[in-house]
file my_file_6.cif (mmCIF, C-alpha atoms)
data_input
#
loop_
_atom_site.label_atom_id
_atom_site.label_comp_id
_atom_site.auth_asym_id
_atom_site.auth_seq_id
_atom_site.Cartn_x
_atom_site.Cartn_y
_atom_site.Cartn_z
CA MET A 513 -21.54 -45.35 51.78
CA SER A 514 -19.38 -42.21 51.64
CA ILE A 515 -16.52 -43.85 53.57
CA TRP A 516 -16.21 -46.60 50.95
CA ARG A 517 -16.18 -44.09 48.11
CA ALA A 518 -13.59 -42.00 49.95
CA LEU A 519 -11.34 -45.03 50.38
CA SER A 520 -11.29 -45.71 46.65
CA GLU A 521 -11.10 -42.09 45.53
CA LYS A 522 -8.35 -41.13 48.03
CA MET A 523 -6.40 -44.37 47.83
CA ALA A 524 -3.18 -42.63 46.79
CA VAL A 525 -3.29 -40.38 49.86
CA PHE A 526 -4.04 -43.25 52.23
CA THR A 527 -1.32 -45.36 50.61
CA VAL A 528 1.31 -42.69 51.25
CA ILE A 529 0.13 -42.10 54.82
CA PHE A 530 0.17 -45.77 55.75
CA ALA A 531 3.47 -46.36 53.95
CA VAL A 532 5.02 -43.69 56.18
CA VAL A 533 3.41 -45.26 59.24
CA ALA A 534 4.68 -48.69 58.18
CA TYR A 535 8.21 -47.32 57.84
CA ALA A 536 8.07 -45.63 61.26
CA PHE A 537 6.35 -48.56 63.00
CA PRO A 538 7.07 -51.69 60.92
CA SER A 539 5.81 -54.06 63.60
CA ALA A 540 2.30 -52.66 63.10
CA PHE A 541 2.26 -54.04 59.54
CA LEU A 542 4.39 -57.16 59.91
CA ILE A 543 1.35 -58.78 61.51
CA PHE A 544 -0.09 -59.08 58.00
CA LYS A 545 2.63 -61.53 56.93
CA ASP A 546 0.35 -64.56 57.17
CA VAL A 547 -2.61 -62.89 55.44
CA PHE A 548 -0.72 -61.31 52.55
CA LEU A 549 -2.29 -63.59 49.94
CA PHE A 550 -5.72 -63.14 51.51
CA CYS A 551 -5.38 -59.43 50.72
CA PHE A 552 -4.77 -60.28 47.08
CA ALA A 553 -7.75 -62.62 47.21
CA ALA A 554 -9.91 -59.84 48.68
CA THR A 555 -9.10 -57.55 45.77
CA MET A 556 -10.02 -60.24 43.26
CA PHE A 557 -13.27 -61.07 45.07
CA ALA A 558 -14.21 -57.39 44.99
CA LEU A 559 -13.43 -57.26 41.29
CA GLY A 560 -15.61 -60.30 40.67
CA VAL A 561 -18.53 -58.48 42.26
CA VAL A 562 -18.16 -55.42 40.02
CA LEU A 563 -17.13 -57.25 36.83
CA LYS A 564 -20.00 -57.11 34.40
CA PRO A 565 -20.62 -60.24 32.25
CA GLU A 566 -20.64 -58.18 29.06
CA GLU A 567 -17.13 -56.89 29.87
CA ALA A 568 -15.82 -60.43 30.26
CA GLN A 569 -17.40 -61.47 26.97
CA SER A 570 -15.92 -58.42 25.27
CA ALA A 571 -12.39 -59.26 26.46
CA ILE A 572 -12.63 -62.94 25.49
CA ALA A 573 -13.82 -61.88 22.05
CA LYS A 574 -10.53 -60.02 21.49
CA PRO A 575 -7.76 -62.62 21.93
CA LEU A 576 -5.42 -60.66 19.65
CA SER A 577 -5.65 -57.66 21.98
CA ILE A 578 -4.64 -59.87 24.91
CA ALA A 579 -1.76 -61.40 22.94
CA LEU A 580 -0.47 -57.97 21.90
CA GLY A 581 -0.78 -56.67 25.44
CA VAL A 582 1.16 -59.57 26.95
CA ALA A 583 3.82 -59.28 24.23
CA MET A 584 4.29 -55.61 25.11
CA GLN A 585 4.41 -56.53 28.83
CA PHE A 586 7.36 -58.86 28.28
CA TRP A 587 9.17 -56.55 25.86
CA ILE A 588 8.83 -52.98 27.15
CA MET A 589 9.45 -53.59 30.85
CA PRO A 590 12.41 -56.01 30.50
CA MET A 591 14.12 -53.50 28.20
CA LEU A 592 13.46 -50.68 30.67
CA GLY A 593 14.68 -52.85 33.54
CA PHE A 594 17.86 -53.71 31.65
CA THR A 595 18.50 -50.02 30.91
CA ALA A 596 17.90 -49.13 34.57
CA ALA A 597 20.38 -51.83 35.61
CA LEU A 598 23.04 -50.38 33.31
CA ILE A 599 22.52 -46.87 34.68
CA ALA A 600 22.55 -48.15 38.28
CA THR A 601 25.87 -49.91 37.64
CA TRP A 602 27.37 -46.77 36.06
CA GLN A 603 26.31 -44.79 39.13
CA GLY A 604 28.06 -47.15 41.51
CA ALA A 605 25.26 -49.49 42.57
CA SER A 606 26.26 -53.06 43.28
CA PRO A 607 25.69 -55.73 40.61
CA ALA A 608 23.24 -57.45 42.96
CA MET A 609 21.14 -54.32 43.29
CA ALA A 610 21.30 -53.63 39.54
CA LEU A 611 20.03 -57.16 38.90
CA GLY A 612 16.97 -56.28 40.97
CA PHE A 613 15.80 -53.89 38.25
CA ILE A 614 15.99 -56.65 35.65
CA ILE A 615 13.95 -58.97 37.85
CA VAL A 616 11.29 -56.28 38.35
CA GLY A 617 11.16 -55.65 34.60
CA CYS A 618 10.83 -59.34 33.79
CA ALA A 619 8.01 -60.00 36.27
CA PRO A 620 4.40 -60.33 35.07
CA GLY A 621 1.79 -57.66 35.69
CA ALA A 622 0.71 -56.93 39.26
CA MET A 623 -2.53 -58.42 40.57
CA ALA A 624 -3.33 -55.00 42.02
CA SER A 625 -3.39 -53.62 38.48
CA ASN A 626 -6.83 -55.18 38.03
CA VAL A 627 -8.23 -53.04 40.81
CA ILE A 628 -6.43 -49.93 39.54
CA ALA A 629 -7.82 -50.55 36.05
CA TYR A 630 -11.34 -50.61 37.49
CA LEU A 631 -10.85 -47.45 39.53
CA ALA A 632 -9.26 -45.67 36.53
CA GLY A 633 -12.11 -46.50 34.17
CA GLY A 634 -10.17 -49.13 32.25
CA ALA A 635 -11.32 -52.44 30.78
CA VAL A 636 -11.38 -54.70 33.86
CA ALA A 637 -11.87 -57.99 32.01
CA PHE A 638 -9.02 -57.14 29.65
CA SER A 639 -6.82 -56.32 32.66
CA ILE A 640 -7.64 -59.61 34.37
CA ALA A 641 -7.04 -61.55 31.15
CA MET A 642 -3.66 -59.87 30.63
CA THR A 643 -2.60 -60.50 34.23
CA MET A 644 -3.63 -64.14 34.10
CA VAL A 645 -1.96 -64.88 30.74
CA ALA A 646 1.22 -63.00 31.66
CA THR A 647 1.42 -64.79 35.02
CA MET A 648 0.87 -68.19 33.41
CA PHE A 649 3.73 -67.56 30.98
CA SER A 650 6.01 -66.03 33.63
CA PRO A 651 7.48 -69.35 34.89
CA ILE A 652 9.03 -69.71 31.43
CA LEU A 653 9.54 -66.12 30.27
CA THR A 654 10.77 -64.55 33.52
CA PRO A 655 13.80 -66.83 34.09
CA LEU A 656 14.64 -66.82 30.37
CA LEU A 657 14.61 -63.02 30.23
CA VAL A 658 16.54 -62.65 33.49
CA ASP A 659 19.12 -65.14 32.21
CA LEU A 660 19.37 -63.30 28.89
CA LEU A 661 19.53 -59.78 30.30
CA GLY A 662 21.18 -60.40 33.67
CA SER A 663 23.41 -63.40 32.98
CA ALA A 664 21.74 -65.20 35.86
CA TYR A 665 19.53 -68.26 36.01
CA MET A 666 16.49 -68.28 38.25
CA GLU A 667 14.43 -71.40 38.91
CA ILE A 668 10.72 -70.79 39.43
CA PRO A 669 8.52 -73.46 41.07
CA PHE A 670 5.86 -73.71 38.37
CA TRP A 671 3.12 -75.77 40.05
CA PRO A 672 3.23 -74.05 43.48
CA MET A 673 3.07 -70.72 41.66
CA MET A 674 0.10 -71.85 39.61
CA GLN A 675 -1.61 -73.09 42.79
CA THR A 676 -1.14 -69.65 44.33
CA ILE A 677 -2.66 -68.02 41.25
CA LEU A 678 -5.66 -70.34 41.33
CA LEU A 679 -6.33 -69.77 45.05
CA SER A 680 -5.66 -66.04 45.23
CA VAL A 681 -6.93 -64.92 41.81
CA VAL A 682 -9.20 -67.37 40.00
CA LEU A 683 -11.19 -68.75 42.94
CA PRO A 684 -12.05 -65.43 44.66
CA LEU A 685 -12.80 -63.84 41.29
CA ALA A 686 -15.23 -66.66 40.48
CA LEU A 687 -16.84 -66.38 43.91
CA GLY A 688 -17.29 -62.64 43.46
CA MET A 689 -18.88 -63.12 40.05
CA ALA A 690 -21.18 -65.81 41.48
CA LEU A 691 -22.23 -63.49 44.30
CA ARG A 692 -23.04 -60.77 41.78
CA THR A 693 -25.62 -63.01 40.07
CA ARG A 694 -27.44 -63.54 43.38
CA LEU A 695 -27.70 -59.90 44.41
CA SER A 696 -30.82 -57.85 43.83
CA SER A 697 -30.45 -54.63 41.84
CA SER A 698 -30.45 -52.51 45.01
CA LYS A 699 -27.91 -54.75 46.76
CA LEU A 700 -25.78 -54.78 43.63
CA LYS A 701 -25.61 -50.98 43.60
CA GLN A 702 -24.47 -51.03 47.21
CA ALA A 703 -21.90 -53.74 46.46
CA GLU A 704 -20.50 -51.74 43.56
CA VAL A 705 -19.77 -48.90 45.98
CA ILE A 706 -18.42 -51.07 48.80
CA ALA A 707 -16.29 -53.44 46.70
CA PRO A 708 -13.77 -50.83 45.44
CA GLY A 709 -13.36 -49.60 49.02
CA ILE A 710 -12.58 -53.11 50.24
CA ALA A 711 -10.12 -53.57 47.40
CA SER A 712 -8.47 -50.25 48.30
CA ILE A 713 -8.05 -51.33 51.93
CA ALA A 714 -6.38 -54.53 50.76
CA ILE A 715 -3.98 -52.62 48.50
CA ILE A 716 -3.09 -50.20 51.32
CA ILE A 717 -2.29 -53.17 53.57
CA ILE A 718 -0.18 -54.81 50.85
CA CYS A 719 1.74 -51.58 50.31
CA GLY A 720 2.29 -51.06 54.04
CA TYR A 721 3.51 -54.61 54.48
CA ALA A 722 5.99 -54.20 51.59
CA VAL A 723 7.48 -51.17 53.37
CA ALA A 724 7.53 -52.79 56.80
CA GLY A 725 9.07 -56.00 55.51
CA ASN A 726 11.98 -54.10 53.94
CA HIS A 727 12.44 -51.44 56.61
CA GLU A 728 16.16 -51.90 57.23
CA GLN A 729 17.07 -52.26 53.55
CA LEU A 730 15.13 -49.14 52.56
CA ALA A 731 17.02 -47.03 55.08
CA ASN A 732 20.32 -47.76 53.30
CA THR A 733 19.20 -47.55 49.69
CA PRO A 734 21.29 -45.30 47.36
CA ALA A 735 19.44 -42.28 45.93
CA ILE A 736 19.96 -43.43 42.33
CA VAL A 737 17.84 -46.50 43.03
CA PHE A 738 14.86 -44.31 44.02
CA VAL A 739 15.28 -42.22 40.86
CA LEU A 740 15.43 -45.27 38.61
CA VAL A 741 12.37 -46.81 40.24
CA VAL A 742 10.41 -43.64 39.45
CA LEU A 743 11.64 -43.64 35.85
CA LEU A 744 10.98 -47.35 35.35
CA ASN A 745 7.39 -46.97 36.54
CA GLY A 746 6.67 -43.73 34.68
CA LEU A 747 8.13 -44.85 31.36
CA GLY A 748 6.20 -48.10 31.65
CA TYR A 749 2.92 -46.18 31.87
CA LEU A 750 3.90 -43.85 29.02
CA LEU A 751 5.10 -46.53 26.59
CA GLY A 752 2.10 -48.70 27.43
CA TRP A 753 -0.23 -45.84 26.54
CA PHE A 754 1.53 -45.20 23.21
CA ALA A 755 1.53 -48.93 22.43
CA GLY A 756 -2.26 -48.87 22.89
CA LYS A 757 -2.51 -45.93 20.50
CA LEU A 758 -0.30 -47.75 18.01
CA PHE A 759 -2.65 -50.74 18.07
CA ARG A 760 -5.67 -48.40 17.87
CA PHE A 761 -7.16 -49.64 21.13
CA GLU A 762 -10.19 -47.80 22.46
CA ARG A 763 -9.55 -45.50 25.43
CA SER A 764 -10.47 -48.01 28.17
CA TYR A 765 -8.08 -50.57 26.64
CA ARG A 766 -5.30 -47.96 26.35
CA ILE A 767 -5.73 -47.11 30.02
CA THR A 768 -5.57 -50.78 30.94
CA LEU A 769 -2.50 -51.50 28.81
CA SER A 770 -0.71 -48.52 30.32
CA ILE A 771 -1.49 -49.72 33.84
CA GLU A 772 -0.63 -53.36 33.12
CA ILE A 773 2.77 -52.43 31.71
CA GLY A 774 3.60 -49.69 34.23
CA MET A 775 2.70 -51.86 37.22
CA GLN A 776 4.69 -55.02 37.82
CA ASN A 777 4.24 -57.89 40.26
CA ALA A 778 7.15 -56.55 42.27
CA GLY A 779 6.08 -58.68 45.24
CA LEU A 780 6.84 -61.77 43.18
CA GLY A 781 10.11 -60.19 42.11
CA VAL A 782 11.08 -59.53 45.73
CA ALA A 783 10.29 -63.12 46.74
CA LEU A 784 12.33 -64.53 43.87
CA ALA A 785 15.23 -62.17 44.56
CA LEU A 786 15.36 -63.13 48.23
CA GLN A 787 15.21 -66.83 47.42
CA HIS A 788 17.78 -66.96 44.62
CA PHE A 789 20.04 -63.93 45.04
CA GLU A 790 21.46 -61.57 47.65
CA PRO A 791 19.12 -59.47 49.86
CA GLU A 792 20.23 -56.32 48.02
CA THR A 793 18.63 -57.66 44.86
CA ALA A 794 15.19 -57.33 46.47
CA LEU A 795 15.50 -53.59 47.13
CA PRO A 796 14.36 -52.26 43.72
CA GLY A 797 11.34 -54.56 43.84
CA ALA A 798 10.37 -53.46 47.34
CA LEU A 799 10.54 -49.80 46.32
CA PHE A 800 8.69 -50.43 43.08
CA ALA A 801 5.89 -52.27 44.90
CA VAL A 802 5.14 -49.15 46.94
CA TRP A 803 5.76 -46.51 44.29
CA CYS A 804 3.68 -48.08 41.52
CA ILE A 805 0.64 -48.30 43.81
CA VAL A 806 1.02 -44.63 44.77
CA THR A 807 1.40 -43.43 41.18
CA ALA A 808 -1.36 -45.69 39.86
CA ALA A 809 -3.77 -44.53 42.53
CA GLY A 810 -2.94 -40.92 41.74
CA MET A 811 -3.39 -41.61 38.04
CA THR A 812 -6.93 -42.84 38.64
CA ARG A 813 -7.85 -39.40 39.97
CA TRP A 814 -6.35 -37.66 36.93
CA LEU A 815 -8.08 -40.00 34.51
CA HIS A 816 -11.45 -39.42 36.17
CA ARG A 817 -11.01 -35.68 35.75
CA ASN A 818 -10.23 -36.20 32.06
CA SER A 819 -12.79 -38.90 31.38
CA HIS A 820 -14.57 -37.01 28.61
CA ASP A 821 -11.88 -37.55 25.97
CA ALA A 822 -13.20 -39.01 22.75
CA ASP A 823 -12.64 -42.73 22.39
CA VAL A 824 -10.72 -44.16 19.47
CA PRO A 825 -12.59 -47.10 17.93
CA ALA A 826 -10.82 -50.38 18.57
CA ALA A 827 -9.35 -51.96 15.47
CA ILE A 828 -8.68 -55.32 17.10
#

call {"tool": "encode", "arguments": {"input": "my_file_6.cif", "output": "structure tokens"}}
result
Amino acid sequence: MSIWRALSEKMAVFTVIFAVVAYAFPSAFLIFKDVFLFCFAATMFALGVVLKPEEAQSAIAKPLSIALGVAMQFWIMPMLGFTAALIATWQGASPAMALGFIIVGCAPGAMASNVIAYLAGGAVAFSIAMTMVATMFSPILTPLLVDLLGSAYMEIPFWPMMQTILLSVVLPLALGMALRTRLSSSKLKQAEVIAPGIASIAIIIICGYAVAGNHEQLANTPAIVFVLVVLLNGLGYLLGWFAGKLFRFERSYRITLSIEIGMQNAGLGVALALQHFEPETALPGALFAVWCIVTAAGMTRWLHRNSHDADVPAAI
């Protein structure tokens, strides 16, 4: 079982290594183009196996926490994305590339955040609930916010997007939860070790594919774009954590809110940018997709080393 534990505990290291490999040999990762959504589905299936029923009940019992979390998701990150776009423009970046930061900021939370929340000791059910609600509202909120902040209109295919969510998130999650009920206690202990490792492999593949798929664009990206991606991600984590403290969330919920806000569904942002705008617009999203996985994976290690902090009782 040690290999599975190593995969989850050293995910940040493996992510960086395979991102470099993907950049040097993009063809090795472009083969995952047709199984990209299956990787997302694998992470959700793994989460279903480790998601405890009492955690799901706890999250459902706190609808106000979910509403506050989603509200922060669609306020903090769009504002940060708008600020990053202004700075990028001042530093000479093209308007198309600056718009990419707004699209990243206005996207819902990343599906991979659910796995990161589990590995970081967060509230998994709360993370899944936030991701699902934010994604369901994104066909309305994302284009409205992009239009407001970026003076651009972006049409999102609502029903195809919802179908993707159902097939790559809801269905595998339900299957994983169903499998959990059929496992003996000994098998369940094994599954709880293996599942995070499988999820980590899927995230590494997703990250590598994001690099490989944007190989040529990444080579010509201005330095300011890299700096702003780092700041956008880091400030998202920080402001998400302080928002959790403001709402008096318990520690696991603060961790989750920080991760949900700091990590964005940049893959969705890249797809939308490529479909509706110039290729340059997809660059910030491609960089963010890689960077947020690396930082989130590294954050899980830090949080585990500081896991003895006293919890603050939840007020909501």

call {"tool": "closest_atom_pairs", "arguments": {"input": "my_file_6.cif", "of": "range 621-721 of chain A", "to": "range 580-586 of chain A", "cutoff": "9 Å", "atoms": "only C-alpha atoms", "output": "tab-separated table"}}
result
residue	atom	partner	partner_atom	distance
A:Gly621	CA	A:Gln585	CA	7.4
A:Met642	CA	A:Val582	CA	6.1
A:Thr643	CA	A:Val582	CA	8.2
A:Val645	CA	A:Val582	CA	7.2
A:Ala646	CA	A:Val582	CA	5.8
A:Leu653	CA	A:Phe586	CA	7.8
A:Thr654	CA	A:Phe586	CA	8.5
A:Leu657	CA	A:Phe586	CA	8.6

call {"tool": "residues_around", "arguments": {"input": "my_file_6.cif", "residues": "Ala703 in chain A", "least_positions_apart": "3", "cutoff": "12 Å", "atoms": "all atoms listed in the file", "output": "list of chain:residue names"}}
result
A:Met513, A:Trp516, A:Arg517, A:Phe557, A:Ala558, A:Leu559, A:Gly560, A:Val561, A:Val562, A:Leu563, A:Gly688, A:Met689, A:Leu691, A:Arg692, A:Thr693, A:Arg694, A:Leu695, A:Ser696, A:Ser697, A:Ser698, A:Lys699, A:Leu700, A:Ile706, A:Ala707, A:Pro708, A:Gly709, A:Ile710, A:Ala711

call {"tool": "resolve_selection", "arguments": {"input": "my_file_6.cif", "expression": "the PyMOL selection byres ((chain A and resi 603-620) around 7)", "output": "ChimeraX atom specification"}}
result
/A:586,589-590,592-594,596-597,599-602,621-622,646-647,650,654,657-658,662,776-778,781,790,792-797

call {"tool": "write_last_selection", "arguments": {"input": "my_file_6.cif", "atoms": "C-alpha atoms", "output": "mmCIF file, keeping the file's coordinate frame"}}
result
data_model
loop_
_atom_site.group_PDB
_atom_site.id
_atom_site.type_symbol
_atom_site.label_atom_id
_atom_site.label_comp_id
_atom_site.auth_asym_id
_atom_site.auth_seq_id
_atom_site.Cartn_x
_atom_site.Cartn_y
_atom_site.Cartn_z
ATOM 1 C CA PHE A 586 7.360 -58.860 28.280
ATOM 2 C CA MET A 589 9.450 -53.590 30.850
ATOM 3 C CA PRO A 590 12.410 -56.010 30.500
ATOM 4 C CA LEU A 592 13.460 -50.680 30.670
ATOM 5 C CA GLY A 593 14.680 -52.850 33.540
ATOM 6 C CA PHE A 594 17.860 -53.710 31.650
ATOM 7 C CA ALA A 596 17.900 -49.130 34.570
ATOM 8 C CA ALA A 597 20.380 -51.830 35.610
ATOM 9 C CA ILE A 599 22.520 -46.870 34.680
ATOM 10 C CA ALA A 600 22.550 -48.150 38.280
ATOM 11 C CA THR A 601 25.870 -49.910 37.640
ATOM 12 C CA TRP A 602 27.370 -46.770 36.060
ATOM 13 C CA GLY A 621 1.790 -57.660 35.690
ATOM 14 C CA ALA A 622 0.710 -56.930 39.260
ATOM 15 C CA ALA A 646 1.220 -63.000 31.660
ATOM 16 C CA THR A 647 1.420 -64.790 35.020
ATOM 17 C CA SER A 650 6.010 -66.030 33.630
ATOM 18 C CA THR A 654 10.770 -64.550 33.520
ATOM 19 C CA LEU A 657 14.610 -63.020 30.230
ATOM 20 C CA VAL A 658 16.540 -62.650 33.490
ATOM 21 C CA GLY A 662 21.180 -60.400 33.670
ATOM 22 C CA GLN A 776 4.690 -55.020 37.820
ATOM 23 C CA ASN A 777 4.240 -57.890 40.260
ATOM 24 C CA ALA A 778 7.150 -56.550 42.270
ATOM 25 C CA GLY A 781 10.110 -60.190 42.110
ATOM 26 C CA GLU A 790 21.460 -61.570 47.650
ATOM 27 C CA GLU A 792 20.230 -56.320 48.020
ATOM 28 C CA THR A 793 18.630 -57.660 44.860
ATOM 29 C CA ALA A 794 15.190 -57.330 46.470
ATOM 30 C CA LEU A 795 15.500 -53.590 47.130
ATOM 31 C CA PRO A 796 14.360 -52.260 43.720
ATOM 32 C CA GLY A 797 11.340 -54.560 43.840
#

call {"tool": "residues_around", "arguments": {"input": "my_file_6.cif", "residues": "Val636 in chain A", "least_positions_apart": "5", "cutoff": "10 Å", "atoms": "all atoms listed in the file", "output": "number ranges by chain"}}
result
A: 559-560, 562-564, 567-568, 571, 625-631, 641-642, 764-765, 768

call {"tool": "write_last_selection", "arguments": {"input": "my_file_6.cif", "atoms": "C-alpha atoms", "output": "PDB file, in the coordinates of the input"}}
result
ATOM      1  CA  LEU A 559     -13.430 -57.260  41.290  1.00  0.00           C
ATOM      2  CA  GLY A 560     -15.610 -60.300  40.670  1.00  0.00           C
ATOM      3  CA  VAL A 562     -18.160 -55.420  40.020  1.00  0.00           C
ATOM      4  CA  LEU A 563     -17.130 -57.250  36.830  1.00  0.00           C
ATOM      5  CA  LYS A 564     -20.000 -57.110  34.400  1.00  0.00           C
ATOM      6  CA  GLU A 567     -17.130 -56.890  29.870  1.00  0.00           C
ATOM      7  CA  ALA A 568     -15.820 -60.430  30.260  1.00  0.00           C
ATOM      8  CA  ALA A 571     -12.390 -59.260  26.460  1.00  0.00           C
ATOM      9  CA  SER A 625      -3.390 -53.620  38.480  1.00  0.00           C
ATOM     10  CA  ASN A 626      -6.830 -55.180  38.030  1.00  0.00           C
ATOM     11  CA  VAL A 627      -8.230 -53.040  40.810  1.00  0.00           C
ATOM     12  CA  ILE A 628      -6.430 -49.930  39.540  1.00  0.00           C
ATOM     13  CA  ALA A 629      -7.820 -50.550  36.050  1.00  0.00           C
ATOM     14  CA  TYR A 630     -11.340 -50.610  37.490  1.00  0.00           C
ATOM     15  CA  LEU A 631     -10.850 -47.450  39.530  1.00  0.00           C
ATOM     16  CA  ALA A 641      -7.040 -61.550  31.150  1.00  0.00           C
ATOM     17  CA  MET A 642      -3.660 -59.870  30.630  1.00  0.00           C
ATOM     18  CA  SER A 764     -10.470 -48.010  28.170  1.00  0.00           C
ATOM     19  CA  TYR A 765      -8.080 -50.570  26.640  1.00  0.00           C
ATOM     20  CA  THR A 768      -5.570 -50.780  30.940  1.00  0.00           C
TER      21      THR A 768
END

call {"tool": "atom_distance", "arguments": {"input": "my_file_6.cif", "atom1": "CA of Leu750 in chain A", "atom2": "CA of Ser639 in chain A"}}
result
16.8 Å

call {"tool": "atom_distance", "arguments": {"input": "my_file_6.cif", "atom1": "CA of Leu687 in chain A", "atom2": "CA of Ala809 in chain A"}}
result
25.5 Å

call {"tool": "residues_around", "arguments": {"input": "my_file_6.cif", "residues": "Gly774 in chain A", "least_positions_apart": "2", "cutoff": "6 Å", "atoms": "only C-alpha atoms", "output": "list in words"}}
result
Asn745, Gly748, Tyr749, Ser770, Ile771 and Glu772 of chain A

call {"tool": "decode", "arguments": {"input": "my_file_6.cif", "residues": "range 698-709 of chain A", "atoms": "N, CA, C and O atoms", "output": "PDB file, in the first residue's frame"}}
result
ATOM      1  N   SER A 698     -12.370  -4.420   6.350  1.00  0.00           N
ATOM      2  CA  SER A 698     -10.967  -4.570   5.943  1.00  0.00           C
ATOM      3  C   SER A 698     -10.744  -4.041   4.533  1.00  0.00           C
ATOM      4  O   SER A 698      -9.752  -3.359   4.252  1.00  0.00           O
ATOM      5  N   LYS A 699     -11.690  -4.347   3.624  1.00  0.00           N
ATOM      6  CA  LYS A 699     -11.580  -3.858   2.251  1.00  0.00           C
ATOM      7  C   LYS A 699     -11.732  -2.345   2.198  1.00  0.00           C
ATOM      8  O   LYS A 699     -11.091  -1.669   1.388  1.00  0.00           O
ATOM      9  N   LEU A 700     -12.577  -1.814   3.085  1.00  0.00           N
ATOM     10  CA  LEU A 700     -12.784  -0.378   3.114  1.00  0.00           C
ATOM     11  C   LEU A 700     -11.511   0.350   3.542  1.00  0.00           C
ATOM     12  O   LEU A 700     -11.166   1.408   2.989  1.00  0.00           O
ATOM     13  N   LYS A 701     -10.789  -0.200   4.496  1.00  0.00           N
ATOM     14  CA  LYS A 701      -9.530   0.395   4.925  1.00  0.00           C
ATOM     15  C   LYS A 701      -8.515   0.415   3.784  1.00  0.00           C
ATOM     16  O   LYS A 701      -7.791   1.403   3.592  1.00  0.00           O
ATOM     17  N   GLN A 702      -8.487  -0.684   3.014  1.00  0.00           N
ATOM     18  CA  GLN A 702      -7.596  -0.722   1.861  1.00  0.00           C
ATOM     19  C   GLN A 702      -8.013   0.311   0.814  1.00  0.00           C
ATOM     20  O   GLN A 702      -7.166   1.001   0.233  1.00  0.00           O
ATOM     21  N   ALA A 703      -9.328   0.406   0.581  1.00  0.00           N
ATOM     22  CA  ALA A 703      -9.832   1.346  -0.422  1.00  0.00           C
ATOM     23  C   ALA A 703      -9.525   2.786  -0.032  1.00  0.00           C
ATOM     24  O   ALA A 703      -9.226   3.618  -0.893  1.00  0.00           O
ATOM     25  N   GLU A 704      -9.577   3.082   1.259  1.00  0.00           N
ATOM     26  CA  GLU A 704      -9.314   4.436   1.714  1.00  0.00           C
ATOM     27  C   GLU A 704      -7.850   4.838   1.549  1.00  0.00           C
ATOM     28  O   GLU A 704      -7.528   6.018   1.562  1.00  0.00           O
ATOM     29  N   VAL A 705      -6.984   3.848   1.406  1.00  0.00           N
ATOM     30  CA  VAL A 705      -5.574   4.122   1.107  1.00  0.00           C
ATOM     31  C   VAL A 705      -5.360   4.223  -0.396  1.00  0.00           C
ATOM     32  O   VAL A 705      -4.639   5.105  -0.889  1.00  0.00           O
ATOM     33  N   ILE A 706      -5.999   3.329  -1.146  1.00  0.00           N
ATOM     34  CA  ILE A 706      -5.807   3.277  -2.600  1.00  0.00           C
ATOM     35  C   ILE A 706      -6.486   4.448  -3.306  1.00  0.00           C
ATOM     36  O   ILE A 706      -5.931   5.046  -4.237  1.00  0.00           O
ATOM     37  N   ALA A 707      -7.702   4.803  -2.876  1.00  0.00           N
ATOM     38  CA  ALA A 707      -8.500   5.812  -3.573  1.00  0.00           C
ATOM     39  C   ALA A 707      -7.782   7.153  -3.725  1.00  0.00           C
ATOM     40  O   ALA A 707      -7.762   7.719  -4.827  1.00  0.00           O
ATOM     41  N   PRO A 708      -7.178   7.711  -2.666  1.00  0.00           N
ATOM     42  CA  PRO A 708      -6.462   8.976  -2.853  1.00  0.00           C
ATOM     43  C   PRO A 708      -5.302   8.864  -3.845  1.00  0.00           C
ATOM     44  O   PRO A 708      -5.005   9.818  -4.566  1.00  0.00           O
ATOM     45  N   GLY A 709      -4.663   7.694  -3.890  1.00  0.00           N
ATOM     46  CA  GLY A 709      -3.583   7.497  -4.849  1.00  0.00           C
ATOM     47  C   GLY A 709      -4.089   7.517  -6.277  1.00  0.00           C
ATOM     48  O   GLY A 709      -3.474   8.116  -7.168  1.00  0.00           O
TER      49      GLY A 709
END
